[in-house]
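K.L.:
Structure provided below as structure tokens; questions to follow.
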Amino acid sequence: MEFINRTSFPSLVHRAAIGDDIIAMSVMCRITYNIVEGIAAISDKQTWELHQNYWESEYGPMDTDNVYTKGGVDIMIFGSAKAPKGKILTESEVKISLNEKELHKIKIFGDRVWKSFLGSMSISNPKPFTEIPLNLNNAFGGTAKWDGLEVPYPANPYGKGYYQTKEEAVGNPLPNIEHPDDLIRKWNSWQEPAGVCSLPIMPLKAKHNLILNKDKTKIEKLDNKFFNSAFPNLIINEIKPEDSISIKGVTGGKDFEFKIPNTELEININLGDKTTNRKMIIDQIGVLLNEHQIFISYRFPFRYTIKPMEKRETILNLK
């Protein structure tokens, strides 16, 4: 199948064989938009590419885009939690809403460490902050020392707050980002990381989206959310043009708000003398707070049967 991109936007094609003559193909396209007073306009610079493999961005580790389909629409936030201008905070909250309905929130703390007094562990008061990056480094996780080795926390090897012994925890940091309804109280209360950014952590995806048999040797069920890239609460069934997204606690002032633009991308699938036209659907939204931008990834998955000597062509157009 030949793929022709007649737009100026980054694209990616996923192909996989199903049997001898059936191909599963997924066409992806990503558009970067500038946000001005809540309105999204296509940017002159299309800086957010699609990636075949896992990769590192300035905001931390990023998931691969090379999948056939997903179990919903990702919402990912890249940037920082910020104190109101002219103020200094020790703690705050970040809240994400869709059409004025709250989807997800996280608790933000200034830097803290574990303290010990007469063998009793406590948490120091959070230090004042004006800005805390919303990345996996500031969520629960990291590495701990065990038998002379550095052992990564499977759910987030990038974070902090994971310790194997009380002695190791003393004087060392807790995460800056926590679940507001499940705050850390004990030095060994190992938790899933809280956050709003990309979550390319395979063991965590498996925990939430794979069901194994009793012997744990075979996958009995795989939820398509396994292929999503956002934190679980930020995987939405559907997002449509004109839907409104609002984020509190990230600008140092009013909420970061925008409406989903009504950009129409069309796929033309030509198989022999038959042509099928389909609209690309939204499957990912990335919010770039510092740049006042968003990117939206569009996808259309389909299957086709290989027939000898038949012309096969897929064309991506901007309507």
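In the structure tokens, the first chain shown is A, the next is B, and so on; residue numbers restart at 1 for each chain, and ligands run from 1 in the order shown.
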Using backbone DSSP assignments, extract all strand (DSSP E or B) residues from stretch 25-220 of chain A; output them as a ChimeraX atom specification.
P.N.:
/A:25-36,39-42,55-57,60-62,73-78,80-82,89,91-98,101-109,113-117,120-123,129,131-133,140-141,143-146,149-152,160-161,170,173,177-178,210-212,219-220
K.L.:
Include C-alpha atoms and write out the residues we just selected as a PDB file, in the first residue's frame.
P.N.:
ATOM      1  CA  MET A  25      -2.781  -0.334   8.648  1.00  0.00           C
ATOM      2  CA  SER A  26      -3.125   2.849  10.673  1.00  0.00           C
ATOM      3  CA  VAL A  27      -2.441   6.346   9.343  1.00  0.00           C
ATOM      4  CA  MET A  28      -1.473   9.034  11.858  1.00  0.00           C
ATOM      5  CA  CYS A  29      -1.051  12.786  11.515  1.00  0.00           C
ATOM      6  CA  ARG A  30      -0.070  15.396  14.125  1.00  0.00           C
ATOM      7  CA  ILE A  31      -0.820  19.114  13.957  1.00  0.00           C
ATOM      8  CA  THR A  32       0.691  21.784  16.220  1.00  0.00           C
ATOM      9  CA  TYR A  33      -1.576  24.738  17.046  1.00  0.00           C
ATOM     10  CA  ASN A  34      -0.917  28.105  18.664  1.00  0.00           C
ATOM     11  CA  ILE A  35      -3.380  29.075  21.416  1.00  0.00           C
ATOM     12  CA  VAL A  36      -4.357  32.753  21.515  1.00  0.00           C
ATOM     13  CA  ILE A  39      -8.555  29.878  20.118  1.00  0.00           C
ATOM     14  CA  ALA A  40      -6.411  27.279  18.338  1.00  0.00           C
ATOM     15  CA  ALA A  41      -4.773  28.273  15.055  1.00  0.00           C
ATOM     16  CA  ILE A  42      -2.469  26.026  13.007  1.00  0.00           C
ATOM     17  CA  TRP A  55      12.038   8.897  22.792  1.00  0.00           C
ATOM     18  CA  GLU A  56      13.152  11.654  25.154  1.00  0.00           C
ATOM     19  CA  SER A  57      11.638  15.136  24.951  1.00  0.00           C
ATOM     20  CA  GLY A  60      10.836  13.666  29.849  1.00  0.00           C
ATOM     21  CA  PRO A  61      10.328  10.197  28.347  1.00  0.00           C
ATOM     22  CA  MET A  62       7.698   9.919  25.615  1.00  0.00           C
ATOM     23  CA  VAL A  73      -8.166   9.849  23.550  1.00  0.00           C
ATOM     24  CA  ASP A  74      -5.042  10.852  25.498  1.00  0.00           C
ATOM     25  CA  ILE A  75      -4.816  14.217  27.237  1.00  0.00           C
ATOM     26  CA  MET A  76      -1.244  15.057  28.269  1.00  0.00           C
ATOM     27  CA  ILE A  77      -0.007  18.246  29.945  1.00  0.00           C
ATOM     28  CA  PHE A  78       3.599  19.424  29.529  1.00  0.00           C
ATOM     29  CA  SER A  80       4.809  23.357  35.254  1.00  0.00           C
ATOM     30  CA  ALA A  81       2.504  24.029  38.162  1.00  0.00           C
ATOM     31  CA  LYS A  82       2.932  27.736  38.929  1.00  0.00           C
ATOM     32  CA  LEU A  89       3.279  28.629  47.605  1.00  0.00           C
ATOM     33  CA  GLU A  91       1.424  23.421  48.052  1.00  0.00           C
ATOM     34  CA  SER A  92      -1.216  23.678  45.333  1.00  0.00           C
ATOM     35  CA  GLU A  93      -3.429  21.647  43.014  1.00  0.00           C
ATOM     36  CA  VAL A  94      -3.614  21.169  39.263  1.00  0.00           C
ATOM     37  CA  LYS A  95      -7.054  20.351  37.855  1.00  0.00           C
ATOM     38  CA  ILE A  96      -8.016  19.352  34.321  1.00  0.00           C
ATOM     39  CA  SER A  97     -11.614  19.728  33.126  1.00  0.00           C
ATOM     40  CA  LEU A  98     -13.412  18.827  29.899  1.00  0.00           C
ATOM     41  CA  LYS A 101     -16.462  18.600  34.153  1.00  0.00           C
ATOM     42  CA  GLU A 102     -13.401  17.772  36.236  1.00  0.00           C
ATOM     43  CA  LEU A 103     -11.453  14.830  34.845  1.00  0.00           C
ATOM     44  CA  HIS A 104      -8.369  14.659  37.012  1.00  0.00           C
ATOM     45  CA  LYS A 105      -6.415  16.525  39.674  1.00  0.00           C
ATOM     46  CA  ILE A 106      -3.046  16.213  41.358  1.00  0.00           C
ATOM     47  CA  LYS A 107      -1.551  17.659  44.537  1.00  0.00           C
ATOM     48  CA  ILE A 108       1.663  19.676  44.296  1.00  0.00           C
ATOM     49  CA  PHE A 109       4.135  20.120  47.160  1.00  0.00           C
ATOM     50  CA  VAL A 113      12.373  15.165  53.010  1.00  0.00           C
ATOM     51  CA  TRP A 114      11.862  12.359  55.495  1.00  0.00           C
ATOM     52  CA  LYS A 115      12.914  13.178  59.080  1.00  0.00           C
ATOM     53  CA  SER A 116      13.621  10.814  61.951  1.00  0.00           C
ATOM     54  CA  PHE A 117      13.268  11.579  65.667  1.00  0.00           C
ATOM     55  CA  SER A 120       9.785   7.906  64.409  1.00  0.00           C
ATOM     56  CA  MET A 121       9.543   9.072  60.808  1.00  0.00           C
ATOM     57  CA  SER A 122       7.873  12.313  59.750  1.00  0.00           C
ATOM     58  CA  ILE A 123       7.714  14.575  56.707  1.00  0.00           C
ATOM     59  CA  PHE A 129       8.049  27.310  45.375  1.00  0.00           C
ATOM     60  CA  GLU A 131       7.147  26.582  39.864  1.00  0.00           C
ATOM     61  CA  ILE A 132       7.222  22.764  39.913  1.00  0.00           C
ATOM     62  CA  PRO A 133       7.741  20.871  36.620  1.00  0.00           C
ATOM     63  CA  PHE A 140       6.728   8.882  43.114  1.00  0.00           C
ATOM     64  CA  GLY A 141       9.366   6.382  42.031  1.00  0.00           C
ATOM     65  CA  THR A 143      15.655   3.821  42.472  1.00  0.00           C
ATOM     66  CA  ALA A 144      16.484   2.282  45.847  1.00  0.00           C
ATOM     67  CA  LYS A 145      19.562   0.525  47.175  1.00  0.00           C
ATOM     68  CA  TRP A 146      19.287  -3.217  47.734  1.00  0.00           C
ATOM     69  CA  LEU A 149      22.558  -2.489  43.760  1.00  0.00           C
ATOM     70  CA  GLU A 150      20.362   0.350  42.491  1.00  0.00           C
ATOM     71  CA  VAL A 151      16.902  -1.152  42.014  1.00  0.00           C
ATOM     72  CA  PRO A 152      14.413   0.860  39.894  1.00  0.00           C
ATOM     73  CA  LYS A 160      11.767  10.049  43.714  1.00  0.00           C
ATOM     74  CA  GLY A 161      10.592   8.806  47.115  1.00  0.00           C
ATOM     75  CA  VAL A 170      16.052   9.683  56.227  1.00  0.00           C
ATOM     76  CA  PRO A 173      13.140  13.547  49.209  1.00  0.00           C
ATOM     77  CA  ILE A 177       3.377  15.359  42.820  1.00  0.00           C
ATOM     78  CA  GLU A 178       0.881  13.131  44.640  1.00  0.00           C
ATOM     79  CA  LEU A 210      -3.849  -6.887  30.883  1.00  0.00           C
ATOM     80  CA  ILE A 211      -5.679  -9.866  32.370  1.00  0.00           C
ATOM     81  CA  LEU A 212      -3.596 -13.051  32.677  1.00  0.00           C
ATOM     82  CA  ILE A 219      -2.872 -13.080  28.222  1.00  0.00           C
ATOM     83  CA  GLU A 220      -6.621 -13.662  28.436  1.00  0.00           C
TER      84      GLU A 220
END
K.L.:
Name the residues in contact with A:Glu49 at a cut-off of 8 Å, using only C-alpha atoms, excluding same-chain residues fewer than 3 positions from it; report them as a VMD selection string.
P.N.:
chain A and resid 10 to 11 30 46
K.L.:
Going by DSSP on the backbone, which residues of stretch 77-286 of chain A come out as helix (DSSP H, G or I)? List them as a PyMOL selection string.
P.N.:
chain A and resi 136-138+166-169+202-209+224-227+232-234
K.L.:
Taking only C-alpha atoms into account, name the residue in A:Asn5, A:Asn228, A:Asn156, A:Thr69 that is nearest to A:Asn268.
P.N.:
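Among A:Asn5, A:Asn228, A:Asn156, A:Thr69, it is A:Asn5 that comes nearest to A:Asn268.
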K.L.:
Given only C-alpha atoms as the basis, pick out the residue of A:Glu58, A:Glu310, A:Asp111, A:Glu257 nearest to A:Ile294.
P.N.:
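With only C-alpha atoms as the atom set, the closest residue is A:Glu257.
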K.L.:
Can you work out the spacing between atom CA of A:Met309 and atom CA of A:Leu265 in Å, to one decimal?
P.N.:
28.9 Å
K.L.:
Would you mind telling me which residue in A:Ala17, A:Ile22, A:Leu289, A:Leu316 lies nearest to A:Lys248 when using only C-alpha atoms?
P.N.:
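Nearest candidate to A:Lys248 out of A:Ala17, A:Ile22, A:Leu289, A:Leu316: A:Leu289.
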K.L.:
Please provide as a PyMOL selection string all residues within 7 Å of A:Ile282, with the sequence filter that same-chain residues fewer than 6 positions apart are discarded (counting only C-alpha atoms).
P.N.:
chain A and resi 73+239+296-299
K.L.:
For the residues in the current selection, export C-alpha atoms as a PDB file, in the first residue's frame.
P.N.:
ATOM      1  CA  VAL A  73      -8.166   9.849  23.550  1.00  0.00           C
ATOM      2  CA  ILE A 239     -13.187  14.380  22.192  1.00  0.00           C
ATOM      3  CA  ILE A 296      -3.433  17.055  18.256  1.00  0.00           C
ATOM      4  CA  SER A 297      -2.782  13.594  16.854  1.00  0.00           C
ATOM      5  CA  TYR A 298      -5.305  12.185  14.378  1.00  0.00           C
ATOM      6  CA  ARG A 299      -5.607   8.535  13.413  1.00  0.00           C
TER       7      ARG A 299
END
K.L.:
So that I can check the surroundings of A:Asp20, please list as a PyMOL selection string every protein, DNA and RNA residue that reaches within 12 Å of it, counting only C-alpha atoms and ignoring chain neighbours fewer than 2 positions away.
P.N.:
chain A and resi 16-18+22-24+304-307
K.L.:
Write out the residues from the selection above, keeping C-alpha atoms, as a PDB file, in the first residue's frame.
P.N.:
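As a result, selection-v1.pdb now contains:
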ATOM      1  CA  ALA A  16       1.077  -5.260  10.565  1.00  0.00           C
ATOM      2  CA  ALA A  17       0.318  -8.529   8.792  1.00  0.00           C
ATOM      3  CA  ILE A  18      -2.692 -10.571   9.914  1.00  0.00           C
ATOM      4  CA  ILE A  22      -4.630  -9.274   5.384  1.00  0.00           C
ATOM      5  CA  ILE A  23      -2.856  -6.101   6.457  1.00  0.00           C
ATOM      6  CA  ALA A  24      -3.777  -3.909   9.426  1.00  0.00           C
ATOM      7  CA  TYR A 304      -7.404  -4.552   3.692  1.00  0.00           C
ATOM      8  CA  THR A 305      -6.864  -7.765   1.765  1.00  0.00           C
ATOM      9  CA  ILE A 306      -3.921  -8.067  -0.595  1.00  0.00           C
ATOM     10  CA  LYS A 307      -4.942  -8.962  -4.136  1.00  0.00           C
TER      11      LYS A 307
END
K.L.:
Which one of A:Glu313, A:Glu168, A:Asp147, A:Asp255 sits closest to A:Ile267 if you count only C-alpha atoms?
P.N.:
A:Glu313
